[in-house]
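Peer 1: Just passing along the structure, written as structure tokens.
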Amino acid sequence: MRDAPGAAPRAAAGARLLRAANFDRDAPDLARALIGATLLVEGVGGVIVETEAYTPDDPASHSHGGPTERNRAMFGPPGHAYVYRSYGMHWCLNFVCREAGHGAAVLIRALEPTHGLDRMRTRRGVAEERLLCAGPGRLAQALGITREHDGLRLDRAPFRLLAAPEPVAVLTGPRIGIRKAVERPWRFALAGSRHLSRPLRDGRDDV
């Protein structure tokens, strides 16, 4: 069956695995490159369709004030997970980038579910596919992400990351809910995807 317009690419058999070295790059570059990649946690996941970039010179970033017990993993080596709880309710999954000690990461905001949908529906308590991973809190719940994943390597179990099998059209725009700083166009989204956490209106092409 042919994918509908704007659908995320499906992970192809033999797709290239992403290794820790692939994350040693600036956060906006990584956030853009992750669109279309496939993220699996114990076999459950899908295609990344929305990300946001955060750097230590950004007042909106957890790393802006330096290392703490909470954000320690964000300063770790590239290619590790940084997991935190938002507003005391929802876990959020980030991919650490740049060199150790730098303090940059990419927030994974939304997936198009492709693997383990029954497990996602059980964890989320909803049946609608579009609502399973549309938003960082929903995504973490659907994939079973908790504080136990904080600091783990992304190129080892339970994680599995596959590069996008083909180039995709990406839109960029302002991040969501940023009030601490002049906003930067560091939200990246798959053009035409219906699985975004929120529509990206007036986004510019970033192919």
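Labels used: A, B, ... for chains in the order of the structure tokens, numbers from 1 for residues in each chain, and numbers from 1 for ligands as shown.
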Please identify all polymer residues within 12 Å of Thr122 in chain A, counting only C-alpha atoms, omitting same-chain residues fewer than 4 positions from it, and present them as JSON, numbers by chain.

Peer 2: {"A": [116, 117, 118, 126, 127, 128, 129, 132, 141, 142, 143, 144]}

Peer 1: Please give the complete set of residues from range 82-181 of chain A that DSSP, run on the backbone, assigns to strand (DSSP E), formatted as a PyMOL selection string.

Peer 2: chain A and resi 82-86+90-97+104-115+159-162+170-173

Peer 1: With N, CA and C atoms retained, write the just-selected residues as a short mmCIF file (atom, residue, chain, number, x, y, z; two decimals), in the first residue's frame.

Peer 2:
data_model
loop_
_atom_site.label_atom_id
_atom_site.label_comp_id
_atom_site.auth_asym_id
_atom_site.auth_seq_id
_atom_site.Cartn_x
_atom_site.Cartn_y
_atom_site.Cartn_z
N TYR A 82 18.41 11.68 28.10
CA TYR A 82 18.16 12.57 29.23
C TYR A 82 16.65 12.57 29.45
N VAL A 83 16.22 12.08 30.61
CA VAL A 83 14.80 11.96 30.92
C VAL A 83 14.48 12.80 32.14
N TYR A 84 13.46 13.62 32.04
CA TYR A 84 13.03 14.43 33.18
C TYR A 84 11.51 14.42 33.27
N ARG A 85 11.00 14.80 34.43
CA ARG A 85 9.55 14.87 34.62
C ARG A 85 9.11 16.32 34.46
N SER A 86 8.11 16.53 33.61
CA SER A 86 7.60 17.87 33.34
C SER A 86 6.38 18.16 34.21
N HIS A 90 4.59 14.31 33.76
CA HIS A 90 4.91 13.57 32.54
C HIS A 90 6.41 13.42 32.36
N TRP A 91 6.86 12.22 32.02
CA TRP A 91 8.26 12.03 31.64
C TRP A 91 8.47 12.55 30.22
N CYS A 92 9.66 13.07 29.97
CA CYS A 92 10.02 13.58 28.64
C CYS A 92 11.38 13.00 28.25
N LEU A 93 11.49 12.57 27.00
CA LEU A 93 12.71 11.92 26.49
C LEU A 93 13.49 12.89 25.61
N ASN A 94 14.79 13.02 25.91
CA ASN A 94 15.70 13.86 25.14
C ASN A 94 16.91 13.05 24.73
N PHE A 95 17.51 13.43 23.60
CA PHE A 95 18.74 12.81 23.13
C PHE A 95 19.89 13.80 23.34
N VAL A 96 20.89 13.41 24.12
CA VAL A 96 22.03 14.28 24.41
C VAL A 96 22.95 14.35 23.19
N CYS A 97 23.47 15.55 22.92
CA CYS A 97 24.37 15.73 21.78
C CYS A 97 25.57 16.59 22.18
N ALA A 104 23.81 20.04 25.77
CA ALA A 104 22.81 20.25 24.71
C ALA A 104 22.03 18.96 24.50
N ALA A 105 20.78 19.10 24.07
CA ALA A 105 19.95 17.92 23.84
C ALA A 105 18.79 18.26 22.91
N VAL A 106 18.18 17.20 22.41
CA VAL A 106 17.02 17.32 21.52
C VAL A 106 15.83 16.64 22.20
N LEU A 107 14.75 17.39 22.38
CA LEU A 107 13.52 16.83 22.92
C LEU A 107 12.75 16.12 21.81
N ILE A 108 12.36 14.88 22.06
CA ILE A 108 11.57 14.12 21.10
C ILE A 108 10.10 14.41 21.42
N ARG A 109 9.44 15.18 20.55
CA ARG A 109 8.10 15.67 20.84
C ARG A 109 6.99 14.77 20.32
N ALA A 110 7.21 14.07 19.20
CA ALA A 110 6.11 13.27 18.65
C ALA A 110 6.64 12.19 17.72
N LEU A 111 5.91 11.08 17.68
CA LEU A 111 6.19 9.97 16.77
C LEU A 111 4.94 9.65 15.97
N GLU A 112 5.14 9.09 14.79
CA GLU A 112 4.06 8.37 14.12
C GLU A 112 4.19 6.92 14.54
N PRO A 113 3.23 6.37 15.29
CA PRO A 113 3.35 5.00 15.80
C PRO A 113 3.38 3.99 14.66
N THR A 114 4.33 3.06 14.72
CA THR A 114 4.43 2.01 13.71
C THR A 114 4.68 0.63 14.31
N HIS A 115 5.17 0.55 15.54
CA HIS A 115 5.52 -0.72 16.16
C HIS A 115 4.90 -0.80 17.56
N PHE A 159 16.97 0.67 23.76
CA PHE A 159 16.75 1.57 22.63
C PHE A 159 17.23 0.96 21.31
N ARG A 160 16.58 1.36 20.24
CA ARG A 160 17.02 1.03 18.89
C ARG A 160 16.64 2.21 18.00
N LEU A 161 17.65 2.80 17.36
CA LEU A 161 17.43 3.97 16.52
C LEU A 161 17.92 3.68 15.11
N LEU A 162 17.04 3.94 14.14
CA LEU A 162 17.34 3.69 12.74
C LEU A 162 17.24 5.00 11.96
N VAL A 170 11.08 18.84 5.83
CA VAL A 170 11.00 19.26 7.22
C VAL A 170 10.59 20.73 7.29
N LEU A 171 9.69 21.04 8.23
CA LEU A 171 9.32 22.42 8.51
C LEU A 171 9.94 22.85 9.83
N THR A 172 10.26 24.13 9.93
CA THR A 172 10.81 24.67 11.18
C THR A 172 9.94 25.82 11.66
N GLY A 173 9.95 26.02 12.97
CA GLY A 173 9.18 27.10 13.56
C GLY A 173 9.54 27.27 15.02
#

Peer 1: Choose the residue, out of A:Cys133, A:Met120, A:Leu34, A:Met89, that has the smallest atom-to-atom separation from Asn22 in chain A; count only C-alpha atoms.

Peer 2: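 Checking each of A:Cys133, A:Met120, A:Leu34, A:Met89 against Asn22 in chain A, counting only C-alpha atoms, the winner is A:Leu34.
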
Peer 1: Tell me, as a PyMOL selection string, which residues lie within 7 Å of range 99-101 of chain A, counting only C-alpha atoms; anything in the same chain fewer than 4 positions away does not count.

Peer 2: chain A and resi 24+75-78

Peer 1: Kindly export the residues of the current selection with C-alpha atoms, as a PDB file, in the first residue's frame.

Peer 2:
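File part16.pdb, as written:
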ATOM      1  CA  ASP A  24      28.257  14.508  18.334  1.00  0.00           C
ATOM      2  CA  PHE A  75      25.950  17.025  30.274  1.00  0.00           C
ATOM      3  CA  GLY A  76      26.962  13.437  29.607  1.00  0.00           C
ATOM      4  CA  PRO A  77      28.521  12.023  26.459  1.00  0.00           C
ATOM      5  CA  PRO A  78      26.557  12.312  23.207  1.00  0.00           C
TER       6      PRO A  78
END

Peer 1: Between A:Leu139, A:Ile145, A:Ala33, A:Ala60, which is the closest to Ile176 in chain A once you count only C-alpha atoms?

Peer 2: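 Smallest separation from Ile176 in chain A among the options: A:Ala60.
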
Peer 1: Measuring between only C-alpha atoms, which one of A:Asn71, A:Ser61, A:Thr51, A:Thr146 shows the shortest distance to Ala134 in chain A?

Peer 2: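 Distance minimum relative to Ala134 in chain A lands on A:Thr51.
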
Peer 1: DSSP says alpha helix (DSSP H) for which residues of range 20-125 of chain A? Put them as an MDAnalysis selection string?

Peer 2: chainID A and resid 27:33 117:124

Peer 1: Determine the nearest neighbour of Leu40 in chain A from the options A:Gly151, A:Gly177, A:Gly137, A:Pro158, counting only C-alpha atoms.

Peer 2: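 Residue with the minimum atom-to-atom distance to Leu40 in chain A: A:Pro158.
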